[in-house]
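Taking it in order: structure first as structure tokens, then the write-up.
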Amino acid sequence: MASDPKSVTPAGSPTPVREKGVRIFTYPKIIFIFPTLIMALICWIGMYMIPDVGSFNSAREKERHEAKLKADATAKANSAAKELPAVSGDDRLLPLKSDPVKFKRKENLLGLLFLGVFLFNLIVLAIDFPRFTIFALLLLSTTVLFFMLWLGMYVNVLEPLVRIVEGVYVVANAQFYLMVAVVLMIVYGTIFITRYLDYWEILPNEILHHHGPLSDLERYPTLNLKFDKEIPDVFEHLMFGAGRLVLHVSDERKAIVLDTVLHVSRKEEALKKLMSRLEVRVTTDQEVASP
């Protein structure tokens, strides 16, 4: 008995694979505080390696107590005197001189280094530095440096600055740096978990915008899609290759601006490869009938 012919898929034919597309996540600028996190961990380890400093033990407290008693005794001895005795000009400045040995202590240098990195991070977060601004700042700093060196040949302007700097003594225990690192790690964990609440997915035939806790979806066509890559901040690009993607979708008045996209050059290359081909699917009757 003759049977109806059935369509049989050849054994050697490859299974069609649908293009997954390109996912694009946008991040807040707080993500660039990563150097401060690294510096906090380094200072935490460094303070534990310094003896009798990292935990502020009894030896440190004893030293402070003895210094306070000595200062109180000196204040009582000079309580009757209203003015300093007549001395020469150099001797009059002795009580105001800073302690260079105290300034060069390891705990102080670690504290200053941490604050310097933290200051640099805040400036990067607050201001965008395009290429022209970087060259302008380098030129300005070089000019100021040469001017200070030239002025130092005639006027001693460095000695007051040195006294001010040597008078700075910044110290924090190891637990402080550890807690700063833990807080920043919690912030990073929150960012990487919540990034799935708002992200974009570029497919060959459409653009999907996933947003909201219930994964609301918006669709845009990719027909005649144009996109541009921008580098608004050089420091941010050096850290994580961050940049900006601008999508120009047809039938949309405003462009879609995606700020703080990490590894933006890789995303740009992936979009170029994706847009170079158009996905066309041929659906058979069996695929339509199957649940």
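In the structure tokens, chains take letters A, B, ... by order of appearance, with residues numbered from 1 within each chain and ligands from 1 in the order shown.
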With a distance cut-off of 12 Å and only C-alpha atoms, select the neighbouring residues of Asp251 in chain A, excluding the residue or stretch itself and same-chain residues fewer than 4 positions from it, and output the selection as an MDAnalysis selection string. chainID A and resid 220:225 255
Could you write those residues out with N, CA and C atoms, as a compact mmCIF listing (two decimals), in the first residue's frame?
```txt
# COMPACT_ATOMS: atom_id res chain seq x y z
N TYR A 220 11.71 48.52 18.47
CA TYR A 220 12.02 49.50 17.44
C TYR A 220 12.54 48.74 16.22
N PRO A 221 12.25 49.23 15.02
CA PRO A 221 12.77 48.56 13.83
C PRO A 221 14.25 48.90 13.60
N THR A 222 14.96 47.98 13.02
CA THR A 222 16.37 48.21 12.69
C THR A 222 16.54 48.63 11.23
N LEU A 223 15.46 48.84 10.51
CA LEU A 223 15.55 49.26 9.12
C LEU A 223 16.17 50.66 9.05
N ASN A 224 17.22 50.78 8.26
CA ASN A 224 17.95 52.06 8.10
C ASN A 224 18.51 52.56 9.43
N LEU A 225 18.92 51.64 10.28
CA LEU A 225 19.50 52.02 11.56
C LEU A 225 20.90 52.59 11.37
N ALA A 255 17.02 60.69 18.88
CA ALA A 255 17.97 59.58 18.86
C ALA A 255 18.03 58.91 20.22
```
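Distance check against Lys29 in chain A using only C-alpha atoms: of A:Leu214, A:Ile191, A:Met275, A:Ala71, the minimum falls on A:Ile191.
Distances to Gly167 in chain A were evaluated for A:Asn108, A:Asn205, A:Thr133, A:Ser215 using only C-alpha atoms, and the minimum falls at A:Asn108.
If only C-alpha atoms are the atoms counted, then among A:Pro232, A:Leu178, A:Pro213, A:Gly21 the closest residue to Ile193 in chain A is A:Pro213.
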Could you list, as JSON, numbers by chain, every residue within 9 Å of Lys106 in chain A, counting only C-alpha atoms and ignoring same-chain residues fewer than 4 positions away? {"A": [46, 47, 50, 110, 111]}
Could you pull the residues within 8 Å of Lys229 in chain A, counting only C-alpha atoms, minus those fewer than 5 positions along the same chain, as an mmCIF file with N, CA and C atoms, in the first residue's frame?
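Output below, filename result35.cif:
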```cif
data_model
loop_
_atom_site.group_PDB
_atom_site.id
_atom_site.type_symbol
_atom_site.label_atom_id
_atom_site.label_comp_id
_atom_site.auth_asym_id
_atom_site.auth_seq_id
_atom_site.Cartn_x
_atom_site.Cartn_y
_atom_site.Cartn_z
ATOM 1 N N GLY A 243 32.275 54.511 26.731
ATOM 2 C CA GLY A 243 31.926 55.520 25.743
ATOM 3 C C GLY A 243 30.418 55.630 25.616
ATOM 4 N N ARG A 244 30.003 56.294 24.566
ATOM 5 C CA ARG A 244 28.583 56.556 24.336
ATOM 6 C C ARG A 244 28.187 56.054 22.955
ATOM 7 N N LEU A 245 27.023 55.405 22.888
ATOM 8 C CA LEU A 245 26.447 54.957 21.627
ATOM 9 C C LEU A 245 25.169 55.749 21.360
ATOM 10 N N VAL A 246 25.063 56.256 20.160
ATOM 11 C CA VAL A 246 23.879 57.014 19.751
ATOM 12 C C VAL A 246 23.227 56.257 18.600
ATOM 13 N N VAL A 264 33.010 50.031 24.599
ATOM 14 C CA VAL A 264 32.143 50.531 23.530
ATOM 15 C C VAL A 264 32.694 50.186 22.154
ATOM 16 N N SER A 265 33.999 50.060 22.001
ATOM 17 C CA SER A 265 34.571 49.705 20.700
ATOM 18 C C SER A 265 34.175 48.285 20.297
ATOM 19 N N GLU A 268 30.628 48.382 19.179
ATOM 20 C CA GLU A 268 30.517 48.968 17.847
ATOM 21 C C GLU A 268 30.845 47.942 16.763
#
```
